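Some notes on the structure that comes next.
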Amino acid sequence: MSDVDPVSYVKQEDTVIFKILGTAAAEGWPALGCICDACREAWRLGGKNVRRRAAYQLGETIHVDFGPDSYAQMLEFGLHYERLEHLLMTHSHADHLLPSDLAYRHRGYSVLPEDAMMTIHGNAHVEARIRSNDLPLEDCFARFEPVRLFKPVALSEGVTATAILADHAGEEEAVNWVLQREGRTFLQGNDTGWWPEPTWEFMATQTLDVALIECTYGPNPGGEHHLGAANVLEVRDELSKLGAITADTRVVVTHFSHNSGWLHEQYEEFFGPEGIEVAYDGMEIEF
Ligand SMILES: [Zn+2]
Ligand SMILES: [Zn+2]
Ligand SMILES: [Zn+2]
């Protein structure tokens with residue numbers, strides 16, 4: 001099944017791989033049962049136009065979000081979830097969290113190594129959804145750690161993660177993660193909306209090597225909850241003004257909705273001249 005050697009995720013002595021496991025918005029692309037032109041084209045063209053729900057893997061032990069495609073991503077990319085030590089959750093929306101699949105770590109469903117232990121970092125909504133399983137987290141080889149905004153947390157593999165506040169998901173405190181390792185800084189920026197002021201103030205203290213920014217709406221306007229392509233350029237410009245994005249920063253867009261109507265090629269046409277890369281499922285970034 002998994003002929004992908006997990007060791008390949010540790011690229012060299014001094015870098016780990018940040019792997020983009022899914023680049024779609026909530027419905028996936030093609031979406032379930034959808035007959036829109038963008039979904040029909042994704043079926044026909046395949047390749048980079050087929051997008052799973054958003055999730056990321058950093059090295060062997062750090063994962064971001066655990067949505068309905070986590071199982072498919074495990075199979076596709078040869079991931080070993082029993083080795084996860086940290087699960088960073090952005091928010092509790094169903095395309096980012098499928099609690100029932102986390103519960104299959106429970107004794108009696110699966111056999112995990114006796115010393116397996118995954119710390120789940122999330123907000124109160126994430127915790128409530130996970131605990132609604134009625135399966136004690138400890139028996140799922142997991143523990144919960146509430147997110148504390150703008151407070152760096154030391155993880156594994158030399159990575160430090162800081163939760164920043166997004167404008168997404170209404171009453172819930174949705175976050176994005178700033179990851180640091182060996183003096184390099186990586187922004188995971190999907191499901192952001194236009195950030196609230198404290199986040200911009202925090203970003204003004206950062207120098208990003210990689211900025212992953214969402215582009216859910218493509219040619220359509222966004223702002224609250226999600227961004228469109230024009231908003232991505234505004235975010236890029238604002239981060240540049242604050243000094244967080246420099247000429248050396250790699251900017252990558254992700255989290256695309258089929259309702260945007262743009263296929264991978266059209267995203268590249270728009271963002272190519274801006275020097276911005278368009279993510280696809282399986283894209284790897286050295287970190
Ligand atoms: Zn999302
Ligand atoms: Zn569609
Ligand atoms: Zn969401």
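We name chains A, B, ... following the order of the structure tokens; residues begin at 1 in each chain, and ligands are numbered from 1 as shown.
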
Point to revise | Shell of 8 Å around Ala161 of chain A, only C-alpha atoms, local chain residues under 6 positions omitted, as a list in words | key: Pro152, Val153, Ala154, Leu155, Trp177, Val178, Leu179 and Gln180 of chain A

N, CA, C and O atoms of the current selection, written as a PDB file, in the first residue's frame:
ATOM      1  N   PRO A 152       4.104  31.156  21.522  1.00  0.00           N
ATOM      2  CA  PRO A 152       4.805  30.064  20.849  1.00  0.00           C
ATOM      3  C   PRO A 152       4.802  28.782  21.686  1.00  0.00           C
ATOM      4  O   PRO A 152       4.947  28.833  22.901  1.00  0.00           O
ATOM      5  N   VAL A 153       4.601  27.656  21.001  1.00  0.00           N
ATOM      6  CA  VAL A 153       4.615  26.349  21.662  1.00  0.00           C
ATOM      7  C   VAL A 153       5.689  25.496  20.990  1.00  0.00           C
ATOM      8  O   VAL A 153       5.722  25.381  19.756  1.00  0.00           O
ATOM      9  N   ALA A 154       6.573  24.902  21.807  1.00  0.00           N
ATOM     10  CA  ALA A 154       7.610  24.028  21.241  1.00  0.00           C
ATOM     11  C   ALA A 154       6.999  22.675  20.914  1.00  0.00           C
ATOM     12  O   ALA A 154       6.356  22.052  21.766  1.00  0.00           O
ATOM     13  N   LEU A 155       7.167  22.234  19.669  1.00  0.00           N
ATOM     14  CA  LEU A 155       6.647  20.931  19.250  1.00  0.00           C
ATOM     15  C   LEU A 155       7.820  19.961  19.106  1.00  0.00           C
ATOM     16  O   LEU A 155       8.833  20.104  19.780  1.00  0.00           O
ATOM     17  N   TRP A 177      -1.562  29.125  11.766  1.00  0.00           N
ATOM     18  CA  TRP A 177      -0.338  28.777  12.500  1.00  0.00           C
ATOM     19  C   TRP A 177       0.891  29.360  11.821  1.00  0.00           C
ATOM     20  O   TRP A 177       1.043  29.267  10.605  1.00  0.00           O
ATOM     21  N   VAL A 178       1.753  29.949  12.628  1.00  0.00           N
ATOM     22  CA  VAL A 178       3.068  30.380  12.164  1.00  0.00           C
ATOM     23  C   VAL A 178       4.068  29.374  12.719  1.00  0.00           C
ATOM     24  O   VAL A 178       4.143  29.164  13.935  1.00  0.00           O
ATOM     25  N   LEU A 179       4.771  28.714  11.826  1.00  0.00           N
ATOM     26  CA  LEU A 179       5.688  27.640  12.217  1.00  0.00           C
ATOM     27  C   LEU A 179       7.120  28.123  12.053  1.00  0.00           C
ATOM     28  O   LEU A 179       7.459  28.749  11.034  1.00  0.00           O
ATOM     29  N   GLN A 180       7.936  27.828  13.048  1.00  0.00           N
ATOM     30  CA  GLN A 180       9.330  28.247  12.992  1.00  0.00           C
ATOM     31  C   GLN A 180      10.258  27.067  13.207  1.00  0.00           C
ATOM     32  O   GLN A 180       9.949  26.170  14.018  1.00  0.00           O
TER      33      GLN A 180
END

Check your understanding: Could you pull the residues within 7 Å of Leu58 of chain A, counting only C-alpha atoms, minus those fewer than 3 positions along the same chain, as a list in words?
Key -> Val16, Ile17, Phe18, Lys19, Thr61, Ile62 and His63 of chain A

Exercise for review: From a DSSP pass on the backbone, collect the residues of segment 104-269 of chain A flagged as alpha helix (DSSP H) and hand them back as a ChimeraX atom specification.
Suggested key: /A:124-131,197-203,229-241,264-269

**Study point:** At most 7 Å from ligand 2 (only C-alpha atoms and all ligand atoms): residue list as a PyMOL selection string
**Key:** chain A and resi 29-31+34-39+258-259

Take the residues just selected and output them with all heavy atoms as a PDB file, in the first residue's frame.
ATOM      1  N   TRP A  29     -12.869  18.995  -4.621  1.00  0.00           N
ATOM      2  CA  TRP A  29     -12.951  19.377  -6.046  1.00  0.00           C
ATOM      3  C   TRP A  29     -12.455  18.230  -6.889  1.00  0.00           C
ATOM      4  O   TRP A  29     -11.275  17.970  -6.834  1.00  0.00           O
ATOM      5  CB  TRP A  29     -12.107  20.633  -6.278  1.00  0.00           C
ATOM      6  CG  TRP A  29     -12.365  21.345  -7.564  1.00  0.00           C
ATOM      7  CD1 TRP A  29     -12.992  20.889  -8.691  1.00  0.00           C
ATOM      8  CD2 TRP A  29     -11.962  22.691  -7.860  1.00  0.00           C
ATOM      9  NE1 TRP A  29     -13.016  21.849  -9.660  1.00  0.00           N
ATOM     10  CE2 TRP A  29     -12.383  22.965  -9.179  1.00  0.00           C
ATOM     11  CE3 TRP A  29     -11.277  23.686  -7.146  1.00  0.00           C
ATOM     12  CZ2 TRP A  29     -12.140  24.195  -9.807  1.00  0.00           C
ATOM     13  CZ3 TRP A  29     -11.038  24.899  -7.772  1.00  0.00           C
ATOM     14  CH2 TRP A  29     -11.466  25.154  -9.089  1.00  0.00           C
ATOM     15  N   PRO A  30     -13.259  17.503  -7.664  1.00  0.00           N
ATOM     16  CA  PRO A  30     -14.692  17.720  -7.841  1.00  0.00           C
ATOM     17  C   PRO A  30     -15.450  17.574  -6.523  1.00  0.00           C
ATOM     18  O   PRO A  30     -15.107  16.730  -5.695  1.00  0.00           O
ATOM     19  CB  PRO A  30     -15.111  16.606  -8.800  1.00  0.00           C
ATOM     20  CG  PRO A  30     -13.858  16.032  -9.376  1.00  0.00           C
ATOM     21  CD  PRO A  30     -12.772  16.343  -8.416  1.00  0.00           C
ATOM     22  N   ALA A  31     -16.485  18.394  -6.380  1.00  0.00           N
ATOM     23  CA  ALA A  31     -17.318  18.318  -5.182  1.00  0.00           C
ATOM     24  C   ALA A  31     -18.261  17.129  -5.302  1.00  0.00           C
ATOM     25  O   ALA A  31     -18.502  16.613  -6.397  1.00  0.00           O
ATOM     26  CB  ALA A  31     -18.115  19.609  -5.031  1.00  0.00           C
ATOM     27  N   CYS A  34     -21.333  17.145  -7.710  1.00  0.00           N
ATOM     28  CA  CYS A  34     -21.476  18.444  -8.394  1.00  0.00           C
ATOM     29  C   CYS A  34     -21.262  18.294  -9.904  1.00  0.00           C
ATOM     30  O   CYS A  34     -20.318  17.643 -10.351  1.00  0.00           O
ATOM     31  CB  CYS A  34     -20.482  19.451  -7.828  1.00  0.00           C
ATOM     32  SG  CYS A  34     -20.750  21.110  -8.483  1.00  0.00           S
ATOM     33  N   ILE A  35     -22.153  18.940 -10.666  1.00  0.00           N
ATOM     34  CA  ILE A  35     -22.033  18.886 -12.124  1.00  0.00           C
ATOM     35  C   ILE A  35     -21.672  20.253 -12.704  1.00  0.00           C
ATOM     36  O   ILE A  35     -21.873  20.514 -13.887  1.00  0.00           O
ATOM     37  CB  ILE A  35     -23.330  18.354 -12.786  1.00  0.00           C
ATOM     38  CG1 ILE A  35     -24.529  19.237 -12.391  1.00  0.00           C
ATOM     39  CG2 ILE A  35     -23.583  16.896 -12.410  1.00  0.00           C
ATOM     40  CD1 ILE A  35     -25.728  19.070 -13.334  1.00  0.00           C
ATOM     41  N   CYS A  36     -21.129  21.157 -11.863  1.00  0.00           N
ATOM     42  CA  CYS A  36     -20.735  22.482 -12.391  1.00  0.00           C
ATOM     43  C   CYS A  36     -19.579  22.294 -13.378  1.00  0.00           C
ATOM     44  O   CYS A  36     -18.897  21.273 -13.387  1.00  0.00           O
ATOM     45  CB  CYS A  36     -20.368  23.445 -11.259  1.00  0.00           C
ATOM     46  SG  CYS A  36     -18.692  23.264 -10.601  1.00  0.00           S
ATOM     47  N   ASP A  37     -19.367  23.312 -14.226  1.00  0.00           N
ATOM     48  CA  ASP A  37     -18.337  23.219 -15.272  1.00  0.00           C
ATOM     49  C   ASP A  37     -16.957  22.943 -14.677  1.00  0.00           C
ATOM     50  O   ASP A  37     -16.176  22.159 -15.218  1.00  0.00           O
ATOM     51  CB  ASP A  37     -18.285  24.523 -16.074  1.00  0.00           C
ATOM     52  CG  ASP A  37     -19.517  24.677 -16.966  1.00  0.00           C
ATOM     53  OD1 ASP A  37     -20.250  23.673 -17.132  1.00  0.00           O
ATOM     54  OD2 ASP A  37     -19.740  25.792 -17.471  1.00  0.00           O
ATOM     55  N   ALA A  38     -16.650  23.599 -13.542  1.00  0.00           N
ATOM     56  CA  ALA A  38     -15.321  23.450 -12.938  1.00  0.00           C
ATOM     57  C   ALA A  38     -15.108  22.014 -12.446  1.00  0.00           C
ATOM     58  O   ALA A  38     -13.999  21.476 -12.543  1.00  0.00           O
ATOM     59  CB  ALA A  38     -15.150  24.435 -11.790  1.00  0.00           C
ATOM     60  N   CYS A  39     -16.158  21.398 -11.939  1.00  0.00           N
ATOM     61  CA  CYS A  39     -16.028  20.018 -11.481  1.00  0.00           C
ATOM     62  C   CYS A  39     -15.937  19.054 -12.654  1.00  0.00           C
ATOM     63  O   CYS A  39     -15.147  18.109 -12.640  1.00  0.00           O
ATOM     64  CB  CYS A  39     -17.191  19.655 -10.554  1.00  0.00           C
ATOM     65  SG  CYS A  39     -17.009  20.421  -8.918  1.00  0.00           S
ATOM     66  N   HIS A 258     -14.408  24.995  -5.847  1.00  0.00           N
ATOM     67  CA  HIS A 258     -14.879  24.758  -7.214  1.00  0.00           C
ATOM     68  C   HIS A 258     -15.814  25.872  -7.663  1.00  0.00           C
ATOM     69  O   HIS A 258     -15.927  26.164  -8.845  1.00  0.00           O
ATOM     70  CB  HIS A 258     -15.572  23.392  -7.318  1.00  0.00           C
ATOM     71  CG  HIS A 258     -16.819  23.276  -6.504  1.00  0.00           C
ATOM     72  ND1 HIS A 258     -18.059  23.013  -7.052  1.00  0.00           N
ATOM     73  CD2 HIS A 258     -17.035  23.417  -5.177  1.00  0.00           C
ATOM     74  CE1 HIS A 258     -18.964  22.992  -6.085  1.00  0.00           C
ATOM     75  NE2 HIS A 258     -18.372  23.216  -4.946  1.00  0.00           N
ATOM     76  N   ASN A 259     -16.494  26.522  -6.698  1.00  0.00           N
ATOM     77  CA  ASN A 259     -17.396  27.630  -7.038  1.00  0.00           C
ATOM     78  C   ASN A 259     -16.647  28.849  -7.573  1.00  0.00           C
ATOM     79  O   ASN A 259     -17.266  29.777  -8.086  1.00  0.00           O
ATOM     80  CB  ASN A 259     -18.241  28.024  -5.822  1.00  0.00           C
ATOM     81  CG  ASN A 259     -19.257  26.948  -5.478  1.00  0.00           C
ATOM     82  OD1 ASN A 259     -19.944  26.431  -6.356  1.00  0.00           O
ATOM     83  ND2 ASN A 259     -19.347  26.586  -4.209  1.00  0.00           N
TER      84      ASN A 259
END

Give one line per residue of chain A that approaches ligand 3 to at most 9 Å, naming the two atoms of the closest pair and their distance in Å to one decimal, counting only C-alpha atoms and all ligand atoms; sort by chain then ascending residue number and deliver it as a tab-separated table.
residue	atom	partner	partner_atom_place_in_ligand_line	distance
A:Ala25	CA	ligand 3	1 (Zn)	8.2
A:Ala26	CA	ligand 3	1 (Zn)	7.4
A:Thr90	CA	ligand 3	1 (Zn)	8.3
A:His91	CA	ligand 3	1 (Zn)	6.7
A:Ser92	CA	ligand 3	1 (Zn)	7.4
A:His93	CA	ligand 3	1 (Zn)	5.0
A:Ala94	CA	ligand 3	1 (Zn)	7.7
A:Asp95	CA	ligand 3	1 (Zn)	7.0
A:His96	CA	ligand 3	1 (Zn)	7.1
A:His168	CA	ligand 3	1 (Zn)	6.5
A:Ala169	CA	ligand 3	1 (Zn)	5.9
A:Ala174	CA	ligand 3	1 (Zn)	8.0
A:Asn190	CA	ligand 3	1 (Zn)	8.5
A:Asp191	CA	ligand 3	1 (Zn)	5.5
A:Thr192	CA	ligand 3	1 (Zn)	8.6
A:His225	CA	ligand 3	1 (Zn)	7.7
A:His226	CA	ligand 3	1 (Zn)	8.4
